[in-house]
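So this block is start21.cif, mmCIF, N, CA and C atoms:
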```
data_structure
#
loop_
_atom_site.label_atom_id
_atom_site.label_comp_id
_atom_site.auth_asym_id
_atom_site.auth_seq_id
_atom_site.Cartn_x
_atom_site.Cartn_y
_atom_site.Cartn_z
N MET A 1 53.61 29.12 -14.44
CA MET A 1 53.33 30.17 -13.48
C MET A 1 52.13 30.97 -13.96
N ALA A 2 51.41 31.54 -13.05
CA ALA A 2 50.20 32.29 -13.35
C ALA A 2 50.54 33.61 -14.02
N ALA A 3 49.61 34.08 -14.83
CA ALA A 3 49.78 35.37 -15.48
C ALA A 3 49.48 36.47 -14.47
N VAL A 4 50.09 37.63 -14.68
CA VAL A 4 49.86 38.77 -13.80
C VAL A 4 49.17 39.85 -14.62
N LYS A 5 48.12 40.43 -14.07
CA LYS A 5 47.37 41.47 -14.76
C LYS A 5 47.07 42.59 -13.79
N GLU A 6 47.21 43.82 -14.23
CA GLU A 6 46.88 44.95 -13.38
C GLU A 6 45.36 45.07 -13.32
N VAL A 7 44.83 45.18 -12.11
CA VAL A 7 43.39 45.22 -11.89
C VAL A 7 43.02 46.47 -11.12
N GLN A 8 41.98 47.18 -11.54
CA GLN A 8 41.51 48.38 -10.85
C GLN A 8 40.32 48.00 -9.98
N LEU A 9 40.45 48.23 -8.67
CA LEU A 9 39.36 47.98 -7.74
C LEU A 9 39.10 49.25 -6.96
N LEU A 10 37.91 49.77 -7.04
CA LEU A 10 37.51 50.98 -6.34
C LEU A 10 38.55 52.07 -6.52
N ASP A 11 39.25 52.44 -5.46
CA ASP A 11 40.18 53.57 -5.52
C ASP A 11 41.65 53.17 -5.62
N TYR A 12 41.94 51.90 -5.88
CA TYR A 12 43.34 51.50 -5.96
C TYR A 12 43.54 50.43 -7.03
N THR A 13 44.78 50.29 -7.42
CA THR A 13 45.16 49.34 -8.45
C THR A 13 46.14 48.37 -7.85
N TYR A 14 46.06 47.12 -8.21
CA TYR A 14 47.03 46.13 -7.76
C TYR A 14 47.28 45.12 -8.86
N ASN A 15 48.37 44.41 -8.75
CA ASN A 15 48.66 43.36 -9.71
C ASN A 15 48.04 42.07 -9.22
N ALA A 16 47.17 41.51 -10.01
CA ALA A 16 46.46 40.29 -9.62
C ALA A 16 47.03 39.11 -10.39
N LEU A 17 47.19 38.01 -9.70
CA LEU A 17 47.55 36.78 -10.36
C LEU A 17 46.28 36.21 -10.98
N LEU A 18 46.36 35.81 -12.22
CA LEU A 18 45.19 35.27 -12.89
C LEU A 18 45.44 33.80 -13.22
N ALA A 19 44.47 33.00 -12.94
CA ALA A 19 44.59 31.56 -13.19
C ALA A 19 44.45 31.27 -14.67
N SER A 20 45.08 30.20 -15.10
CA SER A 20 44.96 29.79 -16.49
C SER A 20 43.57 29.21 -16.72
N GLU A 21 43.20 29.11 -17.98
CA GLU A 21 41.89 28.56 -18.34
C GLU A 21 41.72 27.13 -17.84
N ALA A 22 42.80 26.35 -17.86
CA ALA A 22 42.72 24.96 -17.41
C ALA A 22 42.33 24.89 -15.93
N TYR A 23 42.91 25.76 -15.11
CA TYR A 23 42.59 25.75 -13.69
C TYR A 23 41.21 26.34 -13.42
N LEU A 24 40.77 27.30 -14.23
CA LEU A 24 39.41 27.80 -14.09
C LEU A 24 38.41 26.69 -14.37
N GLU A 25 38.70 25.88 -15.36
CA GLU A 25 37.82 24.75 -15.69
C GLU A 25 37.80 23.73 -14.55
N LYS A 26 38.97 23.44 -13.98
CA LYS A 26 39.03 22.51 -12.84
C LYS A 26 38.23 23.05 -11.67
N ALA A 27 38.35 24.35 -11.41
CA ALA A 27 37.66 24.97 -10.28
C ALA A 27 36.14 24.89 -10.44
N LYS A 28 35.66 24.93 -11.68
CA LYS A 28 34.22 24.84 -11.93
C LYS A 28 33.65 23.50 -11.48
N HIS A 29 34.48 22.47 -11.47
CA HIS A 29 34.00 21.13 -11.19
C HIS A 29 34.29 20.66 -9.76
N LEU A 30 34.71 21.58 -8.89
CA LEU A 30 34.98 21.22 -7.50
C LEU A 30 33.68 21.02 -6.73
N THR A 31 33.70 20.08 -5.81
CA THR A 31 32.55 19.92 -4.91
C THR A 31 32.62 21.00 -3.84
N LYS A 32 31.58 21.16 -3.08
CA LYS A 32 31.56 22.14 -1.99
C LYS A 32 32.66 21.84 -0.98
N VAL A 33 32.85 20.58 -0.65
CA VAL A 33 33.88 20.18 0.31
C VAL A 33 35.27 20.51 -0.23
N GLU A 34 35.52 20.20 -1.49
CA GLU A 34 36.83 20.50 -2.09
C GLU A 34 37.07 22.01 -2.13
N ALA A 35 36.04 22.78 -2.47
CA ALA A 35 36.18 24.24 -2.51
C ALA A 35 36.47 24.79 -1.12
N ASP A 36 35.78 24.27 -0.11
CA ASP A 36 36.03 24.72 1.26
C ASP A 36 37.46 24.41 1.70
N ARG A 37 37.98 23.26 1.31
CA ARG A 37 39.38 22.93 1.66
C ARG A 37 40.35 23.88 1.00
N LEU A 38 40.09 24.23 -0.26
CA LEU A 38 40.95 25.19 -0.95
C LEU A 38 40.89 26.56 -0.27
N PHE A 39 39.69 27.02 0.05
CA PHE A 39 39.55 28.32 0.72
C PHE A 39 40.31 28.34 2.03
N SER A 40 40.35 27.23 2.72
CA SER A 40 41.05 27.20 4.02
C SER A 40 42.56 27.35 3.85
N ARG A 41 43.09 27.06 2.67
CA ARG A 41 44.54 27.18 2.44
C ARG A 41 44.94 28.50 1.79
N MET A 42 43.99 29.33 1.46
CA MET A 42 44.30 30.58 0.75
C MET A 42 45.03 31.54 1.65
N ARG A 43 45.99 32.22 1.05
CA ARG A 43 46.78 33.21 1.77
C ARG A 43 46.14 34.58 1.67
N GLY A 44 46.25 35.32 2.74
CA GLY A 44 45.87 36.73 2.73
C GLY A 44 44.51 37.01 2.15
N ASN A 45 44.50 37.97 1.27
CA ASN A 45 43.24 38.45 0.72
C ASN A 45 42.95 37.92 -0.67
N LEU A 46 43.57 36.84 -1.05
CA LEU A 46 43.35 36.30 -2.39
C LEU A 46 41.86 36.10 -2.66
N ALA A 47 41.16 35.54 -1.71
CA ALA A 47 39.74 35.27 -1.90
C ALA A 47 38.91 36.54 -1.96
N HIS A 48 39.39 37.62 -1.36
CA HIS A 48 38.61 38.85 -1.32
C HIS A 48 38.83 39.74 -2.53
N LYS A 49 39.97 39.64 -3.18
CA LYS A 49 40.29 40.52 -4.30
C LYS A 49 39.87 39.95 -5.64
N LEU A 50 39.65 38.67 -5.70
CA LEU A 50 39.23 38.03 -6.95
C LEU A 50 37.88 37.38 -6.73
N ASN A 51 37.19 37.06 -7.82
CA ASN A 51 35.93 36.36 -7.63
C ASN A 51 36.20 34.94 -7.16
N THR A 52 35.19 34.28 -6.70
CA THR A 52 35.32 32.96 -6.09
C THR A 52 35.97 31.95 -7.02
N LEU A 53 35.52 31.90 -8.26
CA LEU A 53 36.07 30.93 -9.21
C LEU A 53 37.54 31.19 -9.47
N GLU A 54 37.92 32.45 -9.67
CA GLU A 54 39.33 32.79 -9.89
C GLU A 54 40.17 32.45 -8.67
N SER A 55 39.63 32.71 -7.48
CA SER A 55 40.35 32.39 -6.25
C SER A 55 40.62 30.90 -6.14
N LEU A 56 39.60 30.11 -6.40
CA LEU A 56 39.76 28.65 -6.34
C LEU A 56 40.76 28.17 -7.38
N ALA A 57 40.65 28.70 -8.59
CA ALA A 57 41.56 28.30 -9.66
C ALA A 57 43.01 28.65 -9.32
N MET A 58 43.22 29.85 -8.75
CA MET A 58 44.57 30.25 -8.37
C MET A 58 45.12 29.34 -7.29
N GLN A 59 44.30 28.98 -6.31
CA GLN A 59 44.78 28.11 -5.25
C GLN A 59 45.11 26.73 -5.79
N LEU A 60 44.31 26.22 -6.72
CA LEU A 60 44.62 24.94 -7.36
C LEU A 60 45.97 25.01 -8.06
N GLN A 61 46.19 26.09 -8.79
CA GLN A 61 47.44 26.26 -9.52
C GLN A 61 48.62 26.37 -8.56
N LEU A 62 48.47 27.15 -7.50
CA LEU A 62 49.55 27.29 -6.52
C LEU A 62 49.85 25.95 -5.85
N ASP A 63 48.81 25.20 -5.52
CA ASP A 63 49.02 23.87 -4.91
C ASP A 63 49.78 22.95 -5.85
N ASP A 64 49.42 22.97 -7.14
CA ASP A 64 50.13 22.13 -8.11
C ASP A 64 51.59 22.53 -8.25
N GLU A 65 51.85 23.84 -8.25
CA GLU A 65 53.22 24.32 -8.36
C GLU A 65 54.05 23.92 -7.13
N LYS A 66 53.45 24.03 -5.95
CA LYS A 66 54.15 23.63 -4.72
C LYS A 66 54.42 22.13 -4.71
N LEU A 67 53.45 21.34 -5.16
CA LEU A 67 53.63 19.89 -5.22
C LEU A 67 54.73 19.51 -6.20
N SER A 68 54.76 20.18 -7.32
CA SER A 68 55.80 19.92 -8.32
C SER A 68 57.19 20.23 -7.75
N GLU A 69 57.30 21.35 -7.05
CA GLU A 69 58.57 21.74 -6.43
C GLU A 69 58.97 20.73 -5.36
N TRP A 70 58.00 20.28 -4.55
CA TRP A 70 58.28 19.31 -3.51
C TRP A 70 58.78 18.00 -4.13
N ARG A 71 58.13 17.56 -5.20
CA ARG A 71 58.55 16.32 -5.86
C ARG A 71 59.97 16.44 -6.40
N LYS A 72 60.28 17.59 -6.98
CA LYS A 72 61.63 17.83 -7.51
C LYS A 72 62.65 17.76 -6.38
N ASN A 73 62.34 18.38 -5.25
CA ASN A 73 63.26 18.36 -4.11
C ASN A 73 63.42 16.96 -3.53
N MET A 74 62.33 16.22 -3.43
CA MET A 74 62.41 14.85 -2.91
C MET A 74 63.24 13.96 -3.83
N PHE A 75 63.09 14.14 -5.13
CA PHE A 75 63.88 13.37 -6.08
C PHE A 75 65.37 13.66 -5.88
N ALA A 76 65.71 14.94 -5.70
CA ALA A 76 67.11 15.32 -5.50
C ALA A 76 67.65 14.73 -4.20
N ILE A 77 66.85 14.74 -3.15
CA ILE A 77 67.28 14.17 -1.87
C ILE A 77 67.51 12.67 -2.00
N ARG A 78 66.57 11.98 -2.61
CA ARG A 78 66.70 10.53 -2.78
C ARG A 78 67.88 10.17 -3.67
N GLU A 79 68.10 10.96 -4.69
CA GLU A 79 69.23 10.73 -5.59
C GLU A 79 70.55 10.91 -4.83
N LYS A 80 70.63 11.94 -3.99
CA LYS A 80 71.83 12.18 -3.19
C LYS A 80 72.04 11.05 -2.19
N GLU A 81 70.97 10.59 -1.55
CA GLU A 81 71.09 9.47 -0.60
C GLU A 81 71.57 8.22 -1.31
N ALA A 82 71.09 7.97 -2.51
CA ALA A 82 71.52 6.78 -3.26
C ALA A 82 73.00 6.87 -3.60
N LYS A 83 73.46 8.05 -3.98
CA LYS A 83 74.89 8.24 -4.29
C LYS A 83 75.75 8.05 -3.05
N ASP A 84 75.25 8.54 -1.90
CA ASP A 84 76.00 8.43 -0.64
C ASP A 84 76.15 6.98 -0.19
N LYS A 85 75.22 6.12 -0.53
CA LYS A 85 75.28 4.72 -0.15
C LYS A 85 76.31 3.95 -0.96
N ILE A 86 76.64 4.45 -2.11
CA ILE A 86 77.59 3.75 -2.98
C ILE A 86 78.98 3.91 -2.52
#
```
Kindly transcribe the structure held in the file into structure tokens.
Amino acid sequence: MAAVKEVQLLDYTYNALLASEAYLEKAKHLTKVEADRLFSRMRGNLAHKLNTLESLAMQLQLDDEKLSEWRKNMFAIREKEAKDKI
């Protein structure tokens, strides 16, 4: 899971999710097309509150976490279906 850090912007403070170094490195190597696809999936103001690289890195990390959760759920469903067939 991403680290959380309190960030001061202009007149207000909020807790920002910060991407890990590994995802920042991955974000540096994205093509323009890949970056545009990530931006299209961003929720709310993520892209506006963080710099572009951090925003891309966070979206990469969130996508990986969602994919991991989906895979875990699919495995459980398939395992249950296999048990039901027996």
Checklist entry - Closest to A:Ser55 among A:Glu81, A:Phe75, A:Leu38, A:Glu69, using only C-alpha atoms? => result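 The answer is A:Leu38, which sits nearest to A:Ser55.
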Checklist entry - Mind pulling up the distance from atom CA of A:Met58 to atom CA of A:Leu24? => result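 So the two atoms, atom CA of A:Leu24 and atom CA of A:Met58, lie 8.1 Å apart.
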Item to check | Result set of the PyMOL selection byres ((chain A and resi 27) around 8) on the coordinates above, as a PyMOL selection string | outcome: chain A and resi 21-26+28-31+35+52-58+60
Item to check | Residue with smallest distance to A:Asn51 - pool A:Met74, A:Lys32, A:Ala19, A:Leu67, counting only C-alpha atoms | outcome: A:Ala19
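Relative to atom N of A:Met42, atom C of A:Asp64 is found at 14.1 Å.
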Next on the checklist: What's the separation between atom C of A:Ser68 and atom C of A:Ile86, in Å to one decimal place?
Outcome noted: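 Pair atom C of A:Ser68 / atom C of A:Ile86 returns 27.7 Å.
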